[in-house]
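Raw model_14.pdb, PDB, C-alpha atoms and all ligand atoms:
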ATOM      1  CA  MET A  63     272.924 119.835  53.206  1.00  0.00           C
ATOM      2  CA  ASN A  64     270.733 122.925  53.479  1.00  0.00           C
ATOM      3  CA  LYS A  65     267.028 122.291  53.296  1.00  0.00           C
ATOM      4  CA  LYS A  66     265.119 123.689  50.352  1.00  0.00           C
ATOM      5  CA  SER A  67     263.062 126.753  51.113  1.00  0.00           C
ATOM      6  CA  LEU A  68     259.706 128.108  50.248  1.00  0.00           C
ATOM      7  CA  VAL A  69     258.019 131.461  50.482  1.00  0.00           C
ATOM      8  CA  VAL A  70     254.254 131.540  50.946  1.00  0.00           C
ATOM      9  CA  LEU A  71     252.202 134.417  49.542  1.00  0.00           C
ATOM     10  CA  ILE A  72     248.885 135.148  51.246  1.00  0.00           C
ATOM     11  CA  SER A  73     246.148 137.760  51.408  1.00  0.00           C
ATOM     12  CA  GLY A  74     243.800 136.479  54.084  1.00  0.00           C
ATOM     13  CA  SER A  75     243.014 133.810  56.633  1.00  0.00           C
ATOM     14  CA  GLY A  76     245.931 131.587  55.723  1.00  0.00           C
ATOM     15  CA  SER A  77     244.383 128.237  56.565  1.00  0.00           C
ATOM     16  CA  ASN A  78     246.354 126.706  53.684  1.00  0.00           C
ATOM     17  CA  LEU A  79     249.453 128.411  55.067  1.00  0.00           C
ATOM     18  CA  GLN A  80     248.660 126.739  58.403  1.00  0.00           C
ATOM     19  CA  ALA A  81     248.429 123.355  56.680  1.00  0.00           C
ATOM     20  CA  ILE A  82     251.857 124.006  55.146  1.00  0.00           C
ATOM     21  CA  ILE A  83     253.315 125.133  58.493  1.00  0.00           C
ATOM     22  CA  ASP A  84     251.929 121.994  60.161  1.00  0.00           C
ATOM     23  CA  ALA A  85     253.270 119.744  57.381  1.00  0.00           C
ATOM     24  CA  VAL A  86     256.738 121.300  57.769  1.00  0.00           C
ATOM     25  CA  ALA A  87     256.562 120.757  61.551  1.00  0.00           C
ATOM     26  CA  LYS A  88     255.642 117.096  60.984  1.00  0.00           C
ATOM     27  CA  GLN A  89     258.389 116.794  58.339  1.00  0.00           C
ATOM     28  CA  GLN A  90     255.804 115.888  55.737  1.00  0.00           C
ATOM     29  CA  ILE A  91     257.310 118.800  53.839  1.00  0.00           C
ATOM     30  CA  ASP A  92     261.075 118.623  54.045  1.00  0.00           C
ATOM     31  CA  ALA A  93     261.756 122.336  53.679  1.00  0.00           C
ATOM     32  CA  THR A  94     261.928 125.573  55.599  1.00  0.00           C
ATOM     33  CA  ILE A  95     259.489 128.426  55.151  1.00  0.00           C
ATOM     34  CA  SER A  96     261.816 131.372  54.779  1.00  0.00           C
ATOM     35  CA  ALA A  97     259.060 133.988  54.802  1.00  0.00           C
ATOM     36  CA  VAL A  98     255.368 134.660  54.479  1.00  0.00           C
ATOM     37  CA  ILE A  99     254.536 137.665  52.337  1.00  0.00           C
ATOM     38  CA  SER A 100     251.136 139.340  52.412  1.00  0.00           C
ATOM     39  CA  ASN A 101     249.748 142.155  50.323  1.00  0.00           C
ATOM     40  CA  ARG A 102     247.465 143.029  53.265  1.00  0.00           C
ATOM     41  CA  ALA A 103     248.729 144.031  56.702  1.00  0.00           C
ATOM     42  CA  SER A 104     245.497 142.746  58.270  1.00  0.00           C
ATOM     43  CA  ALA A 105     245.789 139.208  56.870  1.00  0.00           C
ATOM     44  CA  TYR A 106     245.248 136.739  59.719  1.00  0.00           C
ATOM     45  CA  GLY A 107     247.780 134.433  58.115  1.00  0.00           C
ATOM     46  CA  LEU A 108     250.516 136.851  59.240  1.00  0.00           C
ATOM     47  CA  GLN A 109     249.632 136.025  62.855  1.00  0.00           C
ATOM     48  CA  ARG A 110     249.810 132.307  62.085  1.00  0.00           C
ATOM     49  CA  ALA A 111     253.280 132.840  60.594  1.00  0.00           C
ATOM     50  CA  ALA A 112     254.490 134.948  63.524  1.00  0.00           C
ATOM     51  CA  LYS A 113     253.254 132.286  65.963  1.00  0.00           C
ATOM     52  CA  ALA A 114     255.384 129.736  64.110  1.00  0.00           C
ATOM     53  CA  ASN A 115     258.383 132.110  64.244  1.00  0.00           C
ATOM     54  CA  ILE A 116     258.365 132.632  60.497  1.00  0.00           C
ATOM     55  CA  LYS A 117     259.533 135.939  59.090  1.00  0.00           C
ATOM     56  CA  THR A 118     256.609 138.053  57.851  1.00  0.00           C
ATOM     57  CA  ILE A 119     256.713 140.714  55.169  1.00  0.00           C
ATOM     58  CA  VAL A 120     253.907 143.045  54.114  1.00  0.00           C
ATOM     59  CA  ILE A 121     253.969 144.569  50.650  1.00  0.00           C
ATOM     60  CA  ASP A 122     250.796 146.641  50.650  1.00  0.00           C
ATOM     61  CA  HIS A 123     249.454 146.715  47.092  1.00  0.00           C
ATOM     62  CA  THR A 124     247.495 149.911  47.790  1.00  0.00           C
ATOM     63  CA  GLU A 125     250.800 151.766  48.038  1.00  0.00           C
ATOM     64  CA  PHE A 126     251.549 151.059  44.373  1.00  0.00           C
ATOM     65  CA  THR A 127     249.694 152.668  41.487  1.00  0.00           C
ATOM     66  CA  GLN A 128     250.967 150.174  38.898  1.00  0.00           C
ATOM     67  CA  ARG A 129     250.737 146.379  39.152  1.00  0.00           C
ATOM     68  CA  GLU A 130     254.282 146.164  37.737  1.00  0.00           C
ATOM     69  CA  ASP A 131     255.644 148.280  40.610  1.00  0.00           C
ATOM     70  CA  PHE A 132     254.040 146.005  43.204  1.00  0.00           C
ATOM     71  CA  ASP A 133     255.455 142.984  41.370  1.00  0.00           C
ATOM     72  CA  SER A 134     258.924 144.601  41.246  1.00  0.00           C
ATOM     73  CA  ALA A 135     258.818 145.074  45.015  1.00  0.00           C
ATOM     74  CA  LEU A 136     257.790 141.420  45.362  1.00  0.00           C
ATOM     75  CA  CYS A 137     260.587 140.348  42.987  1.00  0.00           C
ATOM     76  CA  ARG A 138     263.136 142.272  45.041  1.00  0.00           C
ATOM     77  CA  GLN A 139     262.042 140.424  48.187  1.00  0.00           C
ATOM     78  CA  LEU A 140     262.206 137.077  46.427  1.00  0.00           C
ATOM     79  CA  ASP A 141     265.634 137.919  44.973  1.00  0.00           C
ATOM     80  CA  GLU A 142     266.845 138.370  48.550  1.00  0.00           C
ATOM     81  CA  LEU A 143     265.111 135.274  49.904  1.00  0.00           C
ATOM     82  CA  LYS A 144     265.958 133.053  46.910  1.00  0.00           C
ATOM     83  CA  PRO A 145     263.269 130.436  47.636  1.00  0.00           C
ATOM     84  CA  ASP A 146     263.174 127.155  45.727  1.00  0.00           C
ATOM     85  CA  LEU A 147     259.390 127.452  45.550  1.00  0.00           C
ATOM     86  CA  VAL A 148     256.812 130.233  45.785  1.00  0.00           C
ATOM     87  CA  ALA A 149     253.502 128.866  47.079  1.00  0.00           C
ATOM     88  CA  LEU A 150     250.434 131.048  46.563  1.00  0.00           C
ATOM     89  CA  ALA A 151     247.915 130.337  49.314  1.00  0.00           C
ATOM     90  CA  GLY A 152     244.850 132.518  49.004  1.00  0.00           C
ATOM     91  CA  PHE A 153     246.947 135.276  47.426  1.00  0.00           C
ATOM     92  CA  MET A 154     244.393 137.545  45.780  1.00  0.00           C
ATOM     93  CA  ARG A 155     246.601 139.423  43.336  1.00  0.00           C
ATOM     94  CA  ILE A 156     247.146 138.716  39.674  1.00  0.00           C
ATOM     95  CA  LEU A 157     250.875 138.612  39.011  1.00  0.00           C
ATOM     96  CA  SER A 158     252.365 140.352  35.979  1.00  0.00           C
ATOM     97  CA  ASP A 159     253.762 138.434  32.991  1.00  0.00           C
ATOM     98  CA  ASN A 160     257.213 139.636  33.903  1.00  0.00           C
ATOM     99  CA  PHE A 161     256.960 138.180  37.408  1.00  0.00           C
ATOM    100  CA  ILE A 162     255.647 134.858  36.109  1.00  0.00           C
ATOM    101  CA  GLN A 163     258.400 134.631  33.486  1.00  0.00           C
ATOM    102  CA  GLN A 164     261.080 135.253  36.096  1.00  0.00           C
ATOM    103  CA  HIS A 165     259.768 132.503  38.359  1.00  0.00           C
ATOM    104  CA  LYS A 166     258.302 130.112  35.806  1.00  0.00           C
ATOM    105  CA  GLY A 167     258.065 126.525  36.987  1.00  0.00           C
ATOM    106  CA  LYS A 168     258.630 127.654  40.569  1.00  0.00           C
ATOM    107  CA  ILE A 169     255.177 128.971  41.512  1.00  0.00           C
ATOM    108  CA  LEU A 170     252.326 126.760  42.680  1.00  0.00           C
ATOM    109  CA  ASN A 171     248.771 127.826  43.505  1.00  0.00           C
ATOM    110  CA  ILE A 172     245.754 126.160  45.090  1.00  0.00           C
ATOM    111  CA  HIS A 173     242.323 126.892  43.674  1.00  0.00           C
ATOM    112  CA  PRO A 174     238.917 125.766  44.986  1.00  0.00           C
ATOM    113  CA  SER A 175     237.566 124.068  41.860  1.00  0.00           C
ATOM    114  CA  LEU A 176     238.320 121.263  39.468  1.00  0.00           C
ATOM    115  CA  LEU A 177     240.277 123.383  36.998  1.00  0.00           C
ATOM    116  CA  PRO A 178     239.920 124.243  34.174  1.00  0.00           C
ATOM    117  CA  GLU A 179     236.305 124.514  35.311  1.00  0.00           C
ATOM    118  CA  PHE A 180     235.266 127.437  37.522  1.00  0.00           C
ATOM    119  CA  LYS A 181     238.260 129.736  37.406  1.00  0.00           C
ATOM    120  CA  GLY A 182     237.937 132.927  39.426  1.00  0.00           C
ATOM    121  CA  LEU A 183     235.889 133.705  42.520  1.00  0.00           C
ATOM    122  CA  ASP A 184     232.708 132.283  44.110  1.00  0.00           C
ATOM    123  CA  THR A 185     233.438 128.810  42.826  1.00  0.00           C
ATOM    124  CA  HIS A 186     231.210 126.970  45.310  1.00  0.00           C
ATOM    125  CA  ARG A 187     228.132 129.048  44.509  1.00  0.00           C
ATOM    126  CA  ARG A 188     228.717 128.687  40.789  1.00  0.00           C
ATOM    127  CA  VAL A 189     229.231 124.921  41.060  1.00  0.00           C
ATOM    128  CA  ILE A 190     225.873 124.584  42.865  1.00  0.00           C
ATOM    129  CA  GLU A 191     224.112 126.883  40.390  1.00  0.00           C
ATOM    130  CA  ALA A 192     225.472 124.829  37.498  1.00  0.00           C
ATOM    131  CA  GLY A 193     224.004 121.682  39.081  1.00  0.00           C
ATOM    132  CA  LYS A 194     227.369 119.935  39.223  1.00  0.00           C
ATOM    133  CA  THR A 195     227.634 116.730  41.204  1.00  0.00           C
ATOM    134  CA  LEU A 196     231.434 116.774  41.436  1.00  0.00           C
ATOM    135  CA  HIS A 197     233.588 119.576  42.874  1.00  0.00           C
ATOM    136  CA  GLY A 198     236.990 119.908  44.452  1.00  0.00           C
ATOM    137  CA  ALA A 199     240.296 121.717  44.494  1.00  0.00           C
ATOM    138  CA  SER A 200     243.329 121.893  42.240  1.00  0.00           C
ATOM    139  CA  VAL A 201     247.030 122.507  42.751  1.00  0.00           C
ATOM    140  CA  HIS A 202     248.573 123.960  39.610  1.00  0.00           C
ATOM    141  CA  PHE A 203     251.671 125.632  38.307  1.00  0.00           C
ATOM    142  CA  VAL A 204     251.032 129.324  37.771  1.00  0.00           C
ATOM    143  CA  ASP A 205     251.224 130.872  34.334  1.00  0.00           C
ATOM    144  CA  ASN A 206     250.235 134.321  33.128  1.00  0.00           C
ATOM    145  CA  GLU A 207     246.466 133.795  33.033  1.00  0.00           C
ATOM    146  CA  LEU A 208     244.090 133.701  35.970  1.00  0.00           C
ATOM    147  CA  ASP A 209     243.830 130.230  37.593  1.00  0.00           C
ATOM    148  CA  SER A 210     245.471 128.794  34.536  1.00  0.00           C
ATOM    149  CA  GLY A 211     248.647 126.745  34.191  1.00  0.00           C
ATOM    150  CA  PRO A 212     249.180 122.984  34.230  1.00  0.00           C
ATOM    151  CA  VAL A 213     247.282 121.146  36.956  1.00  0.00           C
ATOM    152  CA  VAL A 214     249.272 118.783  39.173  1.00  0.00           C
ATOM    153  CA  LEU A 215     246.897 117.309  41.738  1.00  0.00           C
ATOM    154  CA  GLN A 216     243.138 117.530  42.269  1.00  0.00           C
ATOM    155  CA  ALA A 217     240.931 116.501  45.176  1.00  0.00           C
ATOM    156  CA  GLU A 218     237.466 115.437  44.107  1.00  0.00           C
ATOM    157  CA  ILE A 219     234.372 115.434  46.303  1.00  0.00           C
ATOM    158  CA  ALA A 220     230.674 114.877  45.683  1.00  0.00           C
ATOM    159  CA  VAL A 221     228.552 118.037  45.947  1.00  0.00           C
ATOM    160  CA  GLU A 222     225.955 116.117  48.032  1.00  0.00           C
ATOM    161  CA  ASN A 223     223.602 119.031  48.790  1.00  0.00           C
ATOM    162  CA  ASN A 224     223.211 122.656  47.860  1.00  0.00           C
ATOM    163  CA  ASP A 225     224.622 124.080  51.077  1.00  0.00           C
ATOM    164  CA  GLU A 226     227.301 126.475  49.834  1.00  0.00           C
ATOM    165  CA  GLN A 227     228.968 126.992  53.223  1.00  0.00           C
ATOM    166  CA  ASN A 228     229.224 123.303  53.885  1.00  0.00           C
ATOM    167  CA  LEU A 229     230.614 122.698  50.406  1.00  0.00           C
ATOM    168  CA  ALA A 230     233.225 125.454  50.916  1.00  0.00           C
ATOM    169  CA  LYS A 231     234.268 123.866  54.218  1.00  0.00           C
ATOM    170  CA  ARG A 232     234.573 120.396  52.698  1.00  0.00           C
ATOM    171  CA  VAL A 233     236.620 121.686  49.757  1.00  0.00           C
ATOM    172  CA  LEU A 234     238.926 123.657  52.066  1.00  0.00           C
ATOM    173  CA  GLU A 235     239.586 120.500  54.112  1.00  0.00           C
ATOM    174  CA  GLN A 236     240.700 118.801  50.908  1.00  0.00           C
ATOM    175  CA  GLU A 237     242.925 121.765  50.009  1.00  0.00           C
ATOM    176  CA  HIS A 238     244.731 121.338  53.327  1.00  0.00           C
ATOM    177  CA  ILE A 239     245.528 117.740  52.385  1.00  0.00           C
ATOM    178  CA  ILE A 240     246.571 118.071  48.742  1.00  0.00           C
ATOM    179  CA  TYR A 241     248.617 121.281  48.857  1.00  0.00           C
ATOM    180  CA  PRO A 242     251.262 119.879  51.243  1.00  0.00           C
ATOM    181  CA  ILE A 243     251.465 116.689  49.145  1.00  0.00           C
ATOM    182  CA  ALA A 244     252.163 118.605  45.927  1.00  0.00           C
ATOM    183  CA  ILE A 245     254.615 120.943  47.683  1.00  0.00           C
ATOM    184  CA  GLN A 246     256.577 117.981  49.007  1.00  0.00           C
ATOM    185  CA  TRP A 247     256.694 116.438  45.509  1.00  0.00           C
ATOM    186  CA  PHE A 248     258.210 119.707  44.289  1.00  0.00           C
ATOM    187  CA  ILE A 249     260.645 119.965  47.199  1.00  0.00           C
ATOM    188  CA  GLU A 250     261.813 116.384  46.636  1.00  0.00           C
ATOM    189  CA  GLY A 251     262.480 117.247  43.003  1.00  0.00           C
ATOM    190  CA  ARG A 252     259.829 114.756  41.842  1.00  0.00           C
ATOM    191  CA  LEU A 253     257.598 117.461  40.365  1.00  0.00           C
ATOM    192  CA  THR A 254     258.888 119.726  37.612  1.00  0.00           C
ATOM    193  CA  LEU A 255     257.559 121.853  34.790  1.00  0.00           C
ATOM    194  CA  VAL A 256     259.385 121.310  31.507  1.00  0.00           C
ATOM    195  CA  ASN A 257     258.170 122.956  28.282  1.00  0.00           C
ATOM    196  CA  ASN A 258     254.897 123.675  30.067  1.00  0.00           C
ATOM    197  CA  GLN A 259     254.433 119.953  30.761  1.00  0.00           C
ATOM    198  CA  VAL A 260     254.091 118.630  34.286  1.00  0.00           C
ATOM    199  CA  LEU A 261     256.587 115.872  34.971  1.00  0.00           C
ATOM    200  CA  LEU A 262     256.257 113.620  37.997  1.00  0.00           C
ATOM    201  CA  ASP A 263     259.242 111.324  38.492  1.00  0.00           C
ATOM    202  CA  ASN A 264     260.372 112.397  35.000  1.00  0.00           C
ATOM    203  CA  ILE A 265     257.175 111.065  33.432  1.00  0.00           C
ATOM    204  CA  SER A 266     254.893 113.531  31.672  1.00  0.00           C
ATOM    205  CA  MET A 267     251.507 113.674  33.386  1.00  0.00           C
ATOM    206  CA  GLN A 268     248.785 113.689  30.774  1.00  0.00           C
ATOM    207  CA  GLN A 269     246.180 113.983  33.541  1.00  0.00           C
ATOM    208  CA  PRO A 270     246.530 115.454  37.021  1.00  0.00           C
ATOM    209  CA  ALA A 271     246.939 113.067  39.940  1.00  0.00           C
ATOM    210  CA  LYS A 272     243.740 112.763  42.000  1.00  0.00           C
ATOM    211  CA  TRP A 273     242.946 112.621  45.689  1.00  0.00           C
ATOM    212  CA  ILE A 274     239.651 110.771  46.042  1.00  0.00           C
ATOM    213  CA  THR A 275     238.156 109.541  49.324  1.00  0.00           C
ATOM    214  CA  ASP A 276     241.486 109.767  51.143  1.00  0.00           C
ATOM    215  CA  LYS A 277     243.497 107.955  48.482  1.00  0.00           C
ATOM    216  CA  LEU A 278     246.021 109.121  45.950  1.00  0.00           C
ATOM    217  CA  VAL A 279     245.135 107.974  42.455  1.00  0.00           C
ATOM    218  CA  MET A 280     247.933 108.449  39.963  1.00  0.00           C
ATOM    219  CA  PRO A 281     247.053 108.729  36.290  1.00  0.00           C
ATOM    220  CA  GLY A 282     247.123 105.181  35.007  1.00  0.00           C
ATOM    221  CA  LYS A 283     247.887 103.549  38.357  1.00  0.00           C
ATOM    222  CA  GLN A 284     246.793 103.451  41.972  1.00  0.00           C
ATOM    223  CA  GLN A 285     249.036 103.925  45.018  1.00  0.00           C
TER     224      GLN A 285
HETATM  225  C1  LIG A 301     241.321 128.912  49.396  1.00  0.00           C
HETATM  226  O1  LIG A 301     240.062 128.388  49.061  1.00  0.00           O
HETATM  227  C2  LIG A 301     242.214 128.902  48.197  1.00  0.00           C
HETATM  228  O2  LIG A 301     241.993 127.817  47.357  1.00  0.00           O
HETATM  229  C3  LIG A 301     241.812 130.172  47.500  1.00  0.00           C
HETATM  230  O3  LIG A 301     241.588 131.095  48.525  1.00  0.00           O
HETATM  231  C4  LIG A 301     241.242 130.402  49.722  1.00  0.00           C
HETATM  232  C5  LIG A 301     242.252 130.814  50.737  1.00  0.00           C
HETATM  233  O4  LIG A 301     241.989 130.315  51.999  1.00  0.00           O
HETATM  234  N1  LIG A 301     242.805 130.555  46.542  1.00  0.00           N
HETATM  235  P1  LIG A 301     243.077 130.431  53.147  1.00  0.00           P
HETATM  236  O5  LIG A 301     243.537 131.893  53.204  1.00  0.00           O
HETATM  237  O6  LIG A 301     244.199 129.505  52.818  1.00  0.00           O
HETATM  238  O7  LIG A 301     242.331 130.050  54.391  1.00  0.00           O
END
How does the structure come out when it is put into structure tokens?
Ligand code: GRF
Amino acid sequence: MNKKSLVVLISGSGSNLQAIIDAVAKQQIDATISAVISNRASAYGLQRAAKANIKTIVIDHTEFTQREDFDSALCRQLDELKPDLVALAGFMRILSDNFIQQHKGKILNIHPSLLPEFKGLDTHRRVIEAGKTLHGASVHFVDNELDSGPVVLQAEIAVENNDEQNLAKRVLEQEHIIYPIAIQWFIEGRLTLVNNQVLLDNISMQQPAKWITDKLVMPGKQQ
């Protein structure tokens, strides 16, 4: 049987992409990456993809005056590639409603905060400024609002000190662990979105699963 496929959308460094590439190589994700698409030609993640012999595609958003036209170009690529999953990994473009509708339940994103808190940019600085003691990262299904959509899995870490760079590094390390886990759940068919509800193993998740001090904590039970 053919393996399921994913397309990864990036804009920058692509360290999450690298974590996905590595997880595929180790068969922790049982899928092929059919392409990496970037809206920036200079994104370092494109070099990571090329090194792993993954097809790279650049759709430069500056060449489009309307967001919808950029999204149409992206849709055309995805129509050709027909991935089972679109994984956003540091993709810094807001997708149009039309795009989201067409791919609903098939787009995941990783965000560096405990959503729904701290949507948007500069999350680490804002978490420190707000005096929070807990921070982390979230994998969520993408809907038509920024960093919105049902959350699947969150990694939680203690803030510990007010060193923003160190906090960013520690959160990113957690992202590299939880994103491949959630992607594999989706690829295995364990994770679905039905009527805007996250189902894991056909059971509606009232709370996201958590990754805390190197352990998976499922809502209501421990694994
Ligand atoms: C990550 O923190 C991700 O959560 C956010 O953008 C950053 C991308 O990092 N959406 P990288 O390109 O994967 O290194």
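Using the PyMOL selection byres (((not hetatm)) within 7 of (chain A and resi 301)) on this structure selects Ile72, Ser73, Gly74, Ser75, Gly76, Ser77, Asn78, Leu79, Gly107, Ala151, Gly152, Phe153, Ile172, His173, Pro174, Ala199, Leu234 and Glu237 of chain A.
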*Evaluate the PyMOL selection byres (((chain A and resi 226-233) around 9) and not hetatm) here and jot the selected residues down as a PyMOL selection string.*
chain A and resi 174-175+185-187+190+197-199+217-219+221-225+234-238
*I would like the residues chosen by the PyMOL selection byres (((chain A and resi 166) around 10) and not hetatm) on the shown file; could you give them as a PyMOL selection string?*
chain A and resi 159-165+167-170+203-206+255-256+258
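When only C-alpha atoms are used to compute distances to Ala103 of chain A, the closest of the residues A:Ile265, A:Val120, A:Ala271, A:Val86 turns out to be A:Val120.
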*Point (245.5, 142.9, 49.3) neighbourhood (6 Å, all atoms listed in the file) written as an MDAnalysis selection string*: chainID A and resid 73 101:102 123
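A straight line drawn from atom CA of Thr94 of chain A to atom CA of Ile240 of chain A is 18.4 Å long.
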*asked:* Env of Asn171 of chain A: 10 Å cut, atoms = all atoms listed in the file, seq-sep filter 5 positions within chain, self excluded. Answer as a ChimeraX atom specification.
replied: /A:70-71,148-153,200-205,209-211,213,241,245
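Computed from the coordinates, the atom CA of Ser158 of chain A to atom CA of Leu208 of chain A distance equals 10.6 Å.
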*How many Å lie between atom CA of Ala111 of chain A and atom CA of Ile91 of chain A, rounded to one decimal?*
16.1 Å
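Distances from A:Thr195, A:Gln259, A:Gln89, A:Ser67 to Leu143 of chain A were compared using only C-alpha atoms, and the smallest one belongs to A:Ser67.
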*Go through A:Ala93, A:Val260, A:Gln128, A:Arg110 and flag the residue nearest Pro145 of chain A, using only C-alpha atoms for the distances.*
A:Ala93
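Compared by their closest atoms to Gly251 of chain A, and using all atoms listed in the file, the residues A:Asn115, A:Asn264, A:Ser100, A:Thr275 rank with A:Asn264 nearest.
Residue nearest Ala135 of chain A, chosen from A:Ile99, A:Ala244, A:Leu196, A:Lys181 and counting only C-alpha atoms: A:Ile99.
With all atoms listed in the file as the basis for measurement, A:Ala81 is the residue among A:Ala81, A:Val98, A:Asn64, A:Pro281 that approaches Ile239 of chain A most closely.
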12 Å contact set for Asp263 of chain A, all atoms listed in the file, chain neighbours under 6 positions out, as a PDB file with C-alpha atoms, in the coordinates of the input:
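This went into part01.pdb:
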ATOM      1  CA  TRP A 247     256.694 116.438  45.509  1.00  0.00           C
ATOM      2  CA  PHE A 248     258.210 119.707  44.289  1.00  0.00           C
ATOM      3  CA  GLU A 250     261.813 116.384  46.636  1.00  0.00           C
ATOM      4  CA  GLY A 251     262.480 117.247  43.003  1.00  0.00           C
ATOM      5  CA  ARG A 252     259.829 114.756  41.842  1.00  0.00           C
ATOM      6  CA  LEU A 253     257.598 117.461  40.365  1.00  0.00           C
ATOM      7  CA  THR A 254     258.888 119.726  37.612  1.00  0.00           C
ATOM      8  CA  LEU A 255     257.559 121.853  34.790  1.00  0.00           C
ATOM      9  CA  MET A 280     247.933 108.449  39.963  1.00  0.00           C
TER      10      MET A 280
END
*asked:* Need the shell around Val279 of chain A: protein/DNA/RNA residues with any atom at most 10 Å away, counting all atoms listed in the file. Skip same-chain ones fewer than 5 positions apart. Format as a VMD selection string?
replied: chain A and resid 215 to 217 270 to 274 284 to 285
